[in-house]
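Engineer: You'll find final14.txt just under this line, and it carries compact mmCIF, C-alpha atoms.
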```
# COMPACT_ATOMS: atom_id res chain seq x y z
CA MET D 4 -27.37 -18.83 1.25
CA SER D 5 -25.15 -18.77 -1.84
CA LEU D 6 -21.70 -17.21 -1.62
CA PRO D 7 -20.03 -14.92 -4.19
CA ARG D 8 -17.84 -16.67 -6.75
CA ARG D 9 -14.65 -15.04 -5.42
CA GLN D 10 -15.39 -16.20 -1.88
CA LEU D 11 -16.11 -19.71 -3.10
CA LEU D 12 -12.84 -19.71 -5.04
CA GLY D 13 -10.90 -18.65 -1.96
CA ILE D 14 -12.57 -21.22 0.29
CA ALA D 15 -12.15 -24.02 -2.22
CA ALA D 16 -8.52 -23.25 -2.98
CA GLY D 17 -7.61 -22.81 0.69
CA SER D 18 -9.37 -26.04 1.63
CA ALA D 19 -7.59 -27.87 -1.18
CA ALA D 20 -4.18 -26.65 -0.01
CA VAL D 21 -4.84 -27.74 3.57
CA ALA D 22 -6.34 -31.03 2.45
CA ALA D 23 -3.34 -31.77 0.21
CA THR D 24 -0.92 -31.22 3.08
CA ALA D 25 -2.99 -33.35 5.43
CA GLY D 26 -3.31 -36.11 2.83
CA VAL D 27 0.43 -36.32 2.20
CA THR D 28 1.17 -36.40 5.93
CA ALA D 29 -1.38 -39.16 6.52
CA ALA D 30 -0.07 -41.23 3.62
CA LEU D 31 3.52 -41.02 4.83
CA THR D 32 2.53 -41.92 8.35
CA ALA D 33 0.56 -44.91 7.09
CA SER D 34 3.54 -46.14 5.09
CA GLY D 35 5.68 -46.23 8.23
CA LEU D 36 8.05 -43.38 7.38
CA ARG D 37 9.58 -41.60 10.35
CA ALA D 38 8.55 -38.01 11.03
CA GLN D 39 12.01 -36.73 10.10
CA ASP D 40 11.70 -38.44 6.69
CA GLN D 41 8.49 -36.60 5.83
CA PRO D 42 8.66 -33.63 3.46
CA THR D 43 9.23 -30.22 5.00
CA VAL D 44 6.00 -28.30 5.43
CA LEU D 45 6.21 -24.52 5.20
CA ARG D 46 3.40 -22.17 6.09
CA PHE D 47 2.94 -19.07 3.95
CA ALA D 48 0.40 -16.37 4.83
CA TRP D 49 -0.85 -13.55 2.63
CA TRP D 50 -3.91 -11.42 1.97
CA GLY D 51 -5.48 -10.38 -1.31
CA GLY D 52 -8.30 -10.99 -3.74
CA ALA D 53 -9.25 -13.98 -5.86
CA GLY D 54 -6.76 -13.18 -8.64
CA ARG D 55 -3.82 -12.96 -6.24
CA HIS D 56 -4.88 -16.15 -4.46
CA GLU D 57 -5.21 -18.16 -7.66
CA ALA D 58 -1.86 -17.01 -9.09
CA THR D 59 -0.03 -17.58 -5.80
CA LEU D 60 -1.39 -21.08 -5.39
CA LYS D 61 -0.12 -21.97 -8.87
CA ALA D 62 3.32 -20.58 -8.04
CA LEU D 63 3.41 -22.51 -4.76
CA ALA D 64 2.56 -25.74 -6.58
CA LEU D 65 5.56 -25.16 -8.84
CA PHE D 66 7.83 -24.54 -5.86
CA GLU D 67 6.59 -27.74 -4.22
CA ARG D 68 7.41 -29.81 -7.30
CA ARG D 69 10.90 -28.36 -7.55
CA HIS D 70 11.91 -28.74 -3.93
CA GLY D 71 9.93 -31.74 -2.71
CA VAL D 72 8.30 -29.76 0.07
CA ARG D 73 4.77 -28.82 0.97
CA VAL D 74 3.55 -25.25 1.42
CA LYS D 75 0.48 -24.75 3.55
CA ALA D 76 -1.31 -21.72 2.11
CA GLU D 77 -2.93 -19.45 4.69
CA TYR D 78 -4.71 -16.64 2.89
CA MET D 79 -7.67 -14.32 3.30
CA GLY D 80 -8.89 -10.81 2.53
CA PHE D 81 -7.17 -7.87 4.19
CA ASN D 82 -9.79 -7.41 6.91
CA GLY D 83 -8.72 -9.39 9.95
CA TYR D 84 -5.31 -10.35 8.56
CA LEU D 85 -3.29 -8.04 10.82
CA GLU D 86 -5.27 -9.07 13.87
CA ARG D 87 -4.64 -12.76 13.15
CA LEU D 88 -0.95 -12.21 12.48
CA THR D 89 -0.59 -10.14 15.66
CA THR D 90 -2.05 -12.99 17.72
CA GLN D 91 0.20 -15.55 16.02
CA ILE D 92 3.38 -13.53 16.50
CA ALA D 93 2.51 -12.88 20.15
CA GLY D 94 2.18 -16.64 20.67
CA GLY D 95 5.21 -17.60 18.57
CA SER D 96 3.02 -19.51 16.10
CA GLU D 97 3.34 -17.31 13.00
CA PRO D 98 3.93 -18.86 9.55
CA GLU D 99 7.49 -19.34 8.31
CA VAL D 100 6.89 -16.87 5.46
CA MET D 101 4.58 -13.88 5.80
CA GLN D 102 3.33 -11.14 3.53
CA ILE D 103 3.46 -7.93 5.56
CA ASN D 104 3.00 -4.21 5.17
CA TRP D 105 6.17 -2.15 5.45
CA ALA D 106 4.83 -0.18 8.43
CA TRP D 107 4.26 -3.37 10.42
CA MET D 108 7.99 -3.77 10.99
CA ALA D 109 7.72 -0.82 13.36
CA MET D 110 5.12 -2.79 15.30
CA PHE D 111 6.64 -6.28 15.28
CA SER D 112 10.38 -5.61 14.98
CA LYS D 113 11.27 -2.28 16.56
CA ARG D 114 14.93 -3.29 17.04
CA GLY D 115 15.26 -5.73 14.17
CA ASN D 116 14.73 -8.90 16.19
CA GLY D 117 11.06 -9.54 15.39
CA PHE D 118 11.77 -11.32 12.09
CA ALA D 119 14.65 -13.44 10.80
CA ASP D 120 17.68 -11.51 9.54
CA LEU D 121 17.71 -12.35 5.84
CA ASN D 122 21.35 -11.26 5.60
CA ARG D 123 22.14 -14.64 7.14
CA PHE D 124 20.76 -16.33 4.01
CA GLY D 125 22.40 -14.09 1.43
CA ARG D 126 23.65 -17.06 -0.58
CA LEU D 127 20.04 -18.15 -1.13
CA LEU D 128 18.71 -14.72 -2.08
CA ASP D 129 19.38 -12.89 -5.34
CA LEU D 130 19.72 -9.50 -3.66
CA ALA D 131 21.56 -8.08 -6.66
CA GLN D 132 18.18 -7.75 -8.40
CA PHE D 133 17.12 -5.04 -5.95
CA ASP D 134 18.20 -1.42 -5.75
CA ARG D 135 19.97 -0.36 -2.57
CA GLU D 136 17.07 1.92 -1.65
CA ASP D 137 14.59 -0.95 -1.97
CA LEU D 138 16.68 -3.11 0.34
CA ALA D 139 16.97 -0.23 2.80
CA TYR D 140 13.20 -0.28 3.33
CA GLY D 141 13.57 -3.77 4.82
CA ASP D 142 16.50 -2.87 7.08
CA VAL D 143 15.87 -2.46 10.80
CA ALA D 144 18.91 -1.74 12.98
CA GLY D 145 21.23 -3.30 10.41
CA LYS D 146 19.15 -6.45 10.02
CA LEU D 147 17.34 -7.28 6.79
CA ASN D 148 13.88 -8.05 8.15
CA ALA D 149 11.97 -8.17 4.87
CA LEU D 150 12.24 -7.87 1.09
CA PRO D 151 9.95 -5.69 -1.04
CA VAL D 152 7.69 -7.30 -3.60
CA SER D 153 6.94 -3.99 -5.29
CA PHE D 154 7.01 -0.26 -4.64
CA SER D 155 3.95 1.95 -4.79
CA ALA D 156 3.41 5.68 -4.52
CA ARG D 157 0.58 8.17 -4.83
CA VAL D 158 -0.16 9.59 -8.26
CA MET D 159 -2.76 11.82 -9.86
CA LEU D 160 -5.20 10.02 -12.16
CA TRP D 161 -7.55 12.02 -14.36
CA ASN D 162 -10.47 11.21 -16.61
CA GLN D 163 -9.46 13.04 -19.79
CA ALA D 164 -12.96 12.74 -21.24
CA ALA D 165 -14.52 14.51 -18.25
CA PHE D 166 -12.09 17.40 -18.53
CA ASP D 167 -12.78 17.60 -22.26
CA ARG D 168 -16.51 17.90 -21.53
CA ALA D 169 -15.74 20.73 -19.13
CA GLY D 170 -13.46 22.39 -21.66
CA LEU D 171 -10.60 22.38 -19.14
CA ALA D 172 -6.96 21.35 -19.36
CA LEU D 173 -5.65 18.81 -16.88
CA PRO D 174 -4.25 20.59 -13.81
CA LYS D 175 -0.47 20.67 -13.50
CA THR D 176 -0.02 23.04 -10.54
CA TRP D 177 -1.69 23.51 -7.18
CA ASP D 178 -3.34 26.73 -8.35
CA GLU D 179 -4.73 24.96 -11.38
CA LEU D 180 -5.93 22.09 -9.19
CA PHE D 181 -7.83 24.39 -6.83
CA ALA D 182 -9.32 26.26 -9.80
CA THR D 183 -10.88 23.09 -11.22
CA GLY D 184 -13.43 22.83 -8.37
CA PRO D 185 -15.41 26.01 -9.07
CA ALA D 186 -15.10 25.37 -12.82
CA PHE D 187 -16.56 21.86 -12.57
CA ARG D 188 -19.42 23.12 -10.42
CA ARG D 189 -20.21 25.97 -12.84
CA ILE D 190 -19.89 23.99 -16.08
CA LEU D 191 -20.89 20.42 -15.18
CA GLY D 192 -23.12 20.92 -12.16
CA GLU D 193 -23.19 20.63 -8.37
CA ASP D 194 -22.69 16.86 -8.34
CA ALA D 195 -19.55 16.97 -10.52
CA TYR D 196 -16.16 16.91 -8.80
CA PRO D 197 -12.69 16.92 -10.35
CA LEU D 198 -11.28 14.68 -7.62
CA ASP D 199 -12.49 11.78 -5.51
CA GLY D 200 -10.76 10.03 -2.68
CA GLU D 201 -11.23 8.48 0.71
CA LEU D 202 -10.32 10.54 3.79
CA TYR D 203 -6.78 9.13 3.93
CA ASP D 204 -6.24 9.99 0.25
CA MET D 205 -7.08 13.63 0.90
CA MET D 206 -4.99 13.70 4.08
CA LEU D 207 -1.98 12.54 2.08
CA LEU D 208 -2.59 14.99 -0.75
CA SER D 209 -2.84 17.84 1.76
CA GLN D 210 0.32 16.64 3.47
CA ALA D 211 2.13 16.80 0.13
CA TRP D 212 1.39 20.54 -0.04
CA VAL D 213 2.72 20.99 3.52
CA GLN D 214 5.92 19.05 2.77
CA GLN D 215 6.54 21.20 -0.27
CA ARG D 216 5.79 24.43 1.63
CA HIS D 217 7.43 23.68 4.98
CA GLY D 218 9.85 20.87 4.11
CA MET D 219 8.40 18.50 6.71
CA ALA D 220 6.02 15.57 6.90
CA TYR D 221 3.81 14.95 9.92
CA VAL D 222 6.12 12.39 11.55
CA ASP D 223 9.91 12.66 11.65
CA PRO D 224 11.34 9.74 9.63
CA ALA D 225 14.38 9.42 11.92
CA GLN D 226 12.82 9.56 15.37
CA PRO D 227 9.40 9.06 16.98
CA ARG D 228 8.20 12.65 17.14
CA VAL D 229 5.82 14.98 15.38
CA ALA D 230 7.90 16.97 12.91
CA MET D 231 5.27 19.56 12.00
CA THR D 232 5.04 22.81 13.88
CA GLU D 233 1.56 23.99 14.83
CA ALA D 234 1.75 26.43 11.91
CA ALA D 235 2.51 23.58 9.48
CA ALA D 236 -0.21 21.40 11.03
CA LEU D 237 -2.65 24.30 10.62
CA ASP D 238 -1.73 24.49 6.93
CA TRP D 239 -2.33 20.74 6.72
CA VAL D 240 -5.85 21.12 8.11
CA ARG D 241 -6.64 24.19 6.01
CA THR D 242 -5.36 22.61 2.79
CA TYR D 243 -7.63 19.63 3.41
CA LYS D 244 -10.58 21.95 4.06
CA ARG D 245 -9.82 23.97 0.94
CA LEU D 246 -9.99 20.85 -1.22
CA VAL D 247 -13.54 20.33 0.07
CA THR D 248 -14.84 23.91 0.35
CA ASP D 249 -13.53 24.81 -3.12
CA HIS D 250 -15.47 21.85 -4.55
CA VAL D 251 -12.26 20.14 -5.68
CA ALA D 252 -12.69 16.89 -3.71
CA THR D 253 -15.78 14.91 -2.78
CA PRO D 254 -16.73 15.74 0.84
CA LEU D 255 -16.56 13.00 3.45
CA PRO D 256 -20.27 13.31 4.41
CA LEU D 257 -21.22 12.87 0.76
CA ARG D 258 -19.13 9.72 0.42
CA ALA D 259 -20.57 8.40 3.69
CA SER D 260 -24.09 8.85 2.32
CA LEU D 261 -23.28 6.83 -0.80
CA GLY D 262 -22.63 3.44 0.71
CA GLY D 263 -19.87 4.26 3.19
CA ALA D 264 -17.03 6.75 3.51
CA GLU D 265 -14.44 4.11 2.59
CA LYS D 266 -16.25 2.74 -0.45
CA PRO D 267 -13.60 2.41 -3.19
CA THR D 268 -13.66 4.94 -5.99
CA GLU D 269 -14.15 2.32 -8.73
CA GLN D 270 -17.41 1.26 -7.06
CA GLN D 271 -18.87 4.77 -7.13
CA PRO D 272 -21.46 5.26 -9.92
CA ASP D 273 -20.37 8.90 -10.31
CA TRP D 274 -16.85 7.72 -11.10
CA VAL D 275 -18.07 5.16 -13.62
CA VAL D 276 -19.84 7.79 -15.74
CA GLY D 277 -17.25 10.54 -15.30
CA ARG D 278 -19.01 12.96 -12.93
CA TRP D 279 -16.09 12.40 -10.54
CA ALA D 280 -13.12 12.99 -12.78
CA GLY D 281 -9.95 12.22 -10.85
CA ASN D 282 -8.35 10.20 -8.11
CA TYR D 283 -5.28 10.58 -5.89
CA THR D 284 -4.28 7.00 -5.25
CA TRP D 285 -1.62 4.28 -5.33
CA ASP D 286 -0.23 3.47 -8.74
CA SER D 287 -0.76 -0.20 -7.87
CA VAL D 288 -4.56 0.20 -8.15
CA ILE D 289 -4.64 1.89 -11.55
CA ALA D 290 -6.11 -1.25 -13.13
CA LEU D 291 -8.88 -1.32 -10.52
CA ARG D 292 -9.77 2.32 -11.06
CA ALA D 293 -9.88 1.86 -14.83
CA SER D 294 -11.83 -1.41 -14.72
CA THR D 295 -15.27 0.11 -14.09
CA LEU D 296 -15.16 3.23 -16.31
CA ASP D 297 -17.70 3.16 -19.11
CA LYS D 298 -16.56 3.32 -22.72
CA GLN D 299 -16.95 7.10 -22.95
CA GLN D 300 -14.28 7.71 -20.28
CA LYS D 301 -10.48 7.74 -20.62
CA LEU D 302 -8.09 7.42 -17.66
CA VAL D 303 -4.73 9.20 -17.93
CA LEU D 304 -1.79 9.97 -15.65
CA GLY D 305 -1.45 13.55 -14.45
CA GLU D 306 1.57 15.57 -13.39
CA PHE D 307 2.28 15.76 -9.67
CA PRO D 308 1.57 19.33 -8.51
CA THR D 309 4.64 20.95 -6.97
CA LEU D 310 5.15 24.39 -5.44
CA PRO D 311 7.97 26.48 -6.96
CA GLY D 312 11.27 25.91 -5.18
CA ALA D 313 10.10 22.84 -3.27
CA LEU D 314 12.94 20.43 -2.43
CA ASP D 315 10.56 17.64 -1.42
CA SER D 316 7.78 16.49 -3.75
CA GLY D 317 5.65 15.28 -0.86
CA MET D 318 4.79 12.23 -2.97
CA PHE D 319 4.03 9.43 -0.52
CA GLY D 320 5.58 6.08 -1.40
CA ARG D 321 6.77 2.87 0.18
CA PRO D 322 6.85 -0.88 -0.57
CA THR D 323 3.44 -2.16 -1.59
CA VAL D 324 3.93 -5.39 0.34
CA MET D 325 6.97 -7.26 1.67
CA TYR D 326 7.95 -10.82 2.53
CA ALA D 327 9.39 -11.66 5.93
CA VAL D 328 10.58 -14.92 7.49
CA SER D 329 9.66 -15.94 11.03
CA ARG D 330 12.43 -15.60 13.62
CA HIS D 331 11.41 -19.04 14.87
CA ALA D 332 12.10 -20.68 11.49
CA GLU D 333 15.72 -21.46 12.41
CA LYS D 334 14.60 -23.30 15.54
CA ASN D 335 12.39 -25.66 13.55
CA GLY D 336 14.96 -26.11 10.79
CA ARG D 337 12.91 -24.42 8.08
CA ALA D 338 14.67 -21.08 7.72
CA GLU D 339 16.72 -21.98 4.65
CA MET D 340 13.73 -23.41 2.80
CA ALA D 341 11.72 -20.34 3.81
CA ALA D 342 14.44 -18.11 2.33
CA LYS D 343 14.36 -20.17 -0.87
CA LEU D 344 10.60 -19.68 -1.07
CA VAL D 345 10.97 -15.91 -0.67
CA ASN D 346 13.64 -15.80 -3.38
CA PHE D 347 11.49 -17.96 -5.68
CA LEU D 348 8.44 -15.73 -5.29
CA LEU D 349 10.47 -12.57 -5.88
CA THR D 350 12.96 -13.47 -8.61
CA ASP D 351 12.17 -16.75 -10.37
CA PRO D 352 11.19 -16.29 -14.05
CA GLU D 353 8.51 -18.99 -14.02
CA ALA D 354 7.06 -17.64 -10.80
CA ALA D 355 7.08 -14.13 -12.30
CA ALA D 356 5.08 -15.38 -15.30
CA LEU D 357 2.48 -16.89 -12.96
CA LEU D 358 2.27 -14.03 -10.44
CA GLY D 359 2.35 -11.18 -12.96
CA ARG D 360 1.15 -7.88 -11.43
CA THR D 361 -0.94 -9.43 -8.65
CA ARG D 362 1.18 -7.60 -6.08
CA GLY D 363 2.14 -4.61 -8.21
CA LEU D 364 5.00 -4.10 -10.64
CA PRO D 365 7.92 -6.22 -9.35
CA SER D 366 10.81 -4.50 -7.56
CA ALA D 367 13.21 -7.23 -8.70
CA ARG D 368 14.72 -6.18 -12.04
CA GLY D 369 14.52 -9.58 -13.74
CA PRO D 370 10.76 -10.12 -13.32
CA TYR D 371 10.01 -6.48 -14.16
CA GLU D 372 11.94 -6.56 -17.43
CA GLN D 373 10.50 -9.99 -18.23
CA LEU D 374 6.90 -8.79 -17.85
CA LYS D 375 7.65 -5.59 -19.74
CA ALA D 376 9.26 -7.46 -22.65
CA ALA D 377 6.28 -9.82 -22.80
CA GLY D 378 3.86 -6.91 -23.08
CA LYS D 379 2.26 -7.75 -19.72
CA LEU D 380 2.61 -4.24 -18.27
CA PRO D 381 -0.09 -1.74 -19.31
CA PRO D 382 1.34 1.56 -20.63
CA LEU D 383 -0.45 3.65 -17.99
CA GLU D 384 1.08 1.62 -15.16
CA VAL D 385 4.53 1.84 -16.74
CA ALA D 386 4.15 5.61 -17.08
CA ALA D 387 3.22 5.90 -13.39
CA HIS D 388 6.14 3.65 -12.47
CA GLU D 389 8.52 5.88 -14.42
CA GLN D 390 7.10 9.05 -12.85
CA ILE D 391 7.71 7.62 -9.40
CA LYS D 392 11.16 6.39 -10.37
CA VAL D 393 12.19 9.92 -11.43
CA GLN D 394 11.10 11.31 -8.06
CA ARG D 395 12.96 8.58 -6.18
CA GLU D 396 16.18 8.90 -8.14
CA SER D 397 16.17 12.69 -7.75
CA GLY D 398 15.88 12.35 -3.98
CA ARG D 399 12.54 14.19 -3.95
CA LEU D 400 10.51 11.22 -2.76
CA LYS D 401 11.64 10.94 0.86
CA ARG D 402 11.24 7.74 2.84
CA PRO D 403 8.30 8.24 5.22
CA ALA D 404 8.34 7.42 8.89
CA PRO D 405 7.20 3.83 9.51
CA LEU D 406 5.20 5.05 12.50
CA PHE D 407 3.12 7.28 10.22
CA GLU D 408 1.18 4.17 9.18
CA HIS D 409 1.11 2.60 12.63
CA ALA D 410 -2.46 1.43 13.23
CA ARG D 411 -2.95 3.50 16.39
CA LEU D 412 -1.53 6.72 14.93
CA HIS D 413 -3.49 6.18 11.73
CA LYS D 414 -6.71 5.88 13.73
CA PHE D 415 -5.89 9.05 15.67
CA MET D 416 -5.17 11.12 12.55
CA ARG D 417 -8.37 9.95 10.92
CA GLU D 418 -10.39 10.87 14.01
CA VAL D 419 -8.97 14.41 13.98
CA PHE D 420 -9.65 14.94 10.28
CA GLU D 421 -13.14 13.49 10.63
CA THR D 422 -13.95 16.21 13.17
CA VAL D 423 -12.72 18.73 10.59
CA ALA D 424 -14.76 17.13 7.80
CA TYR D 425 -17.96 17.30 9.87
CA ASN D 426 -17.21 20.82 11.21
CA LYS D 427 -17.02 19.63 14.80
CA THR D 428 -13.81 21.49 15.63
CA SER D 429 -11.92 24.61 14.68
CA ASP D 430 -8.90 24.52 12.41
CA VAL D 431 -6.67 25.76 15.23
CA ASP D 432 -7.87 23.13 17.73
CA ALA D 433 -7.45 20.35 15.16
CA ALA D 434 -3.88 21.47 14.43
CA ARG D 435 -3.09 21.67 18.14
CA ARG D 436 -4.39 18.12 18.66
CA LEU D 437 -2.33 16.81 15.77
CA VAL D 438 0.83 18.20 17.38
CA THR D 439 0.29 17.72 21.12
CA GLU D 440 -1.78 14.54 21.22
CA GLY D 441 0.09 13.09 18.27
CA GLN D 442 3.40 13.64 20.05
CA ALA D 443 2.12 11.91 23.20
CA LEU D 444 0.83 8.96 21.21
CA LEU D 445 4.13 8.53 19.35
CA GLN D 446 5.96 8.34 22.67
CA ARG D 447 3.66 5.53 23.77
CA ILE D 448 3.98 3.44 20.62
CA LYS D 449 7.65 4.05 19.76
```
Just give me the structure of the file as structure tokens.

Structural biologist:
Amino acid sequence: MSLPRRQLLGIAAGSAAVAATAGVTAALTASGLRAQDQPTVLRFAWWGGAGRHEATLKALALFERRHGVRVKAEYMGFNGYLERLTTQIAGGSEPEVMQINWAWMAMFSKRGNGFADLNRFGRLLDLAQFDREDLAYGDVAGKLNALPVSFSARVMLWNQAAFDRAGLALPKTWDELFATGPAFRRILGEDAYPLDGELYDMMLLSQAWVQQRHGMAYVDPAQPRVAMTEAAALDWVRTYKRLVTDHVATPLPLRASLGGAEKPTEQQPDWVVGRWAGNYTWDSVIALRASTLDKQQKLVLGEFPTLPGALDSGMFGRPTVMYAVSRHAEKNGRAEMAAKLVNFLLTDPEAAALLGRTRGLPSARGPYEQLKAAGKLPPLEVAAHEQIKVQRESGRLKRPAPLFEHARLHKFMREVFETVAYNKTSDVDAARRLVTEGQALLQRIK
């Protein structure tokens, strides 16, 4: 059976990297060199798609030539990556350098000892290229466990052409957003929706309303407890339901009937032709969302709806991905070279030219300005980046609780909102579960 081109590319490139490492080792052994004279071999693990794999392999080849080392590339798609890394870390066999999600530090390094403290290698890392707030995301108990590759937050994307067909202005407020649902149904038909999103997308959008109204997110960012009162949790549930019942957002059962509830927006035929006219999503996937729109559609950035007097925007943001170094790297003498690899991938100009936006817009100032000056950053992505930057600098984009994206809590929240989406529970019971059962779960996983 033939495999898709992307899968073949990944298999071929991964096999080549492993084969190259094995070939060098065999050649050195055959020539009689001692083991300690052989080049250092670093392992680097990441997930992604074919474009990220190809660019990263080219950057690694450049690093190898510069430093006389070998980097064993261990890469795959996202599915299964966390499970594999969890097994490796439990057995002390994880790679020297790892691409991780920010929330995973709460799983693997609760007290800052799960990864190497990068502060110890400050002379090898150009930390001056990062804002203090970016560095703070990698700090656990005073130890720098990871460095951010990029920062991503949720933004409103709209298909201007679809709104033009409906004769409607793009929504700027919550009231205007909720009014678009009935208008789309009346003007464009029952199968037209102003907003699409997976269940988690709509949970986050609803939470933004609650944060603006009540001043609290679901999980306290400073301690492992549910911060919402039952009244706030009830507003969370009801805001989610209103998005669906008012015909603003595509219902979960509808998405499930069209190839799966988690099928990405850009793969939905109704998105391609503009019947679904908006998306609440990460700014890092703007290119993906735009890639499948037909020529009659036009993707634009919308304003983030905010209640009057709100001190917190409710915009959800955190590092897109981060790089961490194994705590065992010092024992095998590879920690310094691992730190050099991290610094190279994050701040080196030649590496930046090769990696581009494959992991989002760079957090390091040098690579960001370099790509911007070279015209490699699409205007829509820059506009989203600037919108997020304004929220961060004003203090209105609050750092979320790492436990909010813990795999077990994430599964629990989804289960509760699925019962709401399929009308299998009352609003009050769902809110009560979110508070009482959520609190109990946080105490188990803290």

Engineer: For Ala106 (chain D), which residue among D:Lys301, D:Arg126, D:Lys75, D:Arg411 is the nearest when counting all atoms listed in the file?

Structural biologist: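 Closest to Ala106 (chain D), using all atoms listed in the file: D:Arg411.
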
Engineer: Between D:Ser366, D:Thr422, D:Ser209, D:Asn162, which one has atoms that come closest to Pro256 (chain D), using all atoms listed in the file?

Structural biologist: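 Nearest candidate to Pro256 (chain D) out of D:Ser366, D:Thr422, D:Ser209, D:Asn162: D:Thr422.
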
Engineer: Have a look at CA of Trp161 (chain D) and CA of Ile190 (chain D) and let me know their distance in Å, one decimal.

Structural biologist: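 Straight-line distance from CA of Trp161 (chain D) to CA of Ile190 (chain D) works out to 17.3 Å.
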
Engineer: To test the calculation: enclose all listed atoms of region 133-138 of chain D in a box whose edges run along x, y and z, add 3 Å on each side, then state centre and edge lengths in Å to one decimal, as AutoDock Vina command-line options.

Structural biologist:
```
--center_x 17.3 --center_y -1.6 --center_z -2.8 --size_x 11.4 --size_y 13.0 --size_z 12.3
```

Engineer: Given the choices D:Thr361, D:Asn104, D:Thr242, D:Thr323, which gets closest to Ala58 (chain D) if the distance is worked out from all atoms listed in the file?

Structural biologist: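 For Ala58 (chain D), the nearest of the given residues is D:Thr361.
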
Engineer: Mind pulling up the distance from CA of Lys266 (chain D) to CA of Leu60 (chain D)?

Structural biologist: 28.5 Å

Engineer: List the neighbours of region 390-394 of chain D out to 7 Å using all atoms listed in the file; skip same-chain residues closer than 5 positions along the sequence, and give me the result as a list of chain:residue names.

Structural biologist: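 The filter keeps D:Ala156, D:Arg399, D:Leu400.
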
Engineer: Could you name the residues that touch Arg135 (chain D) at 12 Å or less, counting only C-alpha atoms, but leaving out those on the same chain fewer than 5 positions away, as a PDB file with C-alpha atoms, in the coordinates of the input?

Structural biologist:
```pdb
ATOM      1  CA  LEU D 130      19.720  -9.500  -3.660  1.00  0.00           C
ATOM      2  CA  TYR D 140      13.200  -0.280   3.330  1.00  0.00           C
ATOM      3  CA  GLY D 141      13.570  -3.770   4.820  1.00  0.00           C
ATOM      4  CA  ASP D 142      16.500  -2.870   7.080  1.00  0.00           C
ATOM      5  CA  LEU D 147      17.340  -7.280   6.790  1.00  0.00           C
ATOM      6  CA  LEU D 150      12.240  -7.870   1.090  1.00  0.00           C
ATOM      7  CA  PRO D 151       9.950  -5.690  -1.040  1.00  0.00           C
ATOM      8  CA  SER D 366      10.810  -4.500  -7.560  1.00  0.00           C
ATOM      9  CA  ALA D 367      13.210  -7.230  -8.700  1.00  0.00           C
ATOM     10  CA  ARG D 395      12.960   8.580  -6.180  1.00  0.00           C
ATOM     11  CA  GLU D 396      16.180   8.900  -8.140  1.00  0.00           C
TER      12      GLU D 396
END
```

Engineer: Give me, please, the distance in Å between CA of Arg46 (chain D) and CA of Arg362 (chain D), quoted to one decimal.

Structural biologist: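 Separating CA of Arg46 (chain D) from CA of Arg362 (chain D) is a distance of 19.1 Å.
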
Engineer: In terms of the shortest atom-to-atom distance over only C-alpha atoms, which of D:Ala433, D:Val152, D:Leu291, D:Ile103 is closest to Leu364 (chain D)?

Structural biologist: D:Val152

Engineer: Tell me which residues come within 12 Å of (4.5, 11.2, -12.9), as a PyMOL selection string, counting only C-alpha atoms in the file's coordinates.

Structural biologist: chain D and resi 156-160+175+285-286+303-309+316+318+383-395+400

Engineer: Set the distance at 12 Å and use all atoms listed in the file: which residues neighbour Ala404 (chain D) once local chain neighbours fewer than 4 positions away are removed? I'd like the list as a list in words.

Structural biologist: Trp105, Ala106, Trp107, Met108, Ala109, Tyr140, Met219, Ala220, Tyr221, Val222, Asp223, Pro224, Ala225, Gln226, Pro227, Arg228, Val229, Ala230, Phe319, Gly320, Arg321, Glu408, His409, Leu412, Leu445 and Lys449 of chain D

Engineer: Find the residue from D:Trp177, D:Phe166, D:Trp279, D:Phe118 that sits nearest to Asp194 (chain D); use only C-alpha atoms when measuring.

Structural biologist: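 Nearest candidate to Asp194 (chain D) out of D:Trp177, D:Phe166, D:Trp279, D:Phe118: D:Trp279.
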
Engineer: Find the residue from D:Glu67, D:Asp137, D:Val213, D:Lys427 that sits nearest to Asp238 (chain D); use only C-alpha atoms when measuring.

Structural biologist: D:Val213
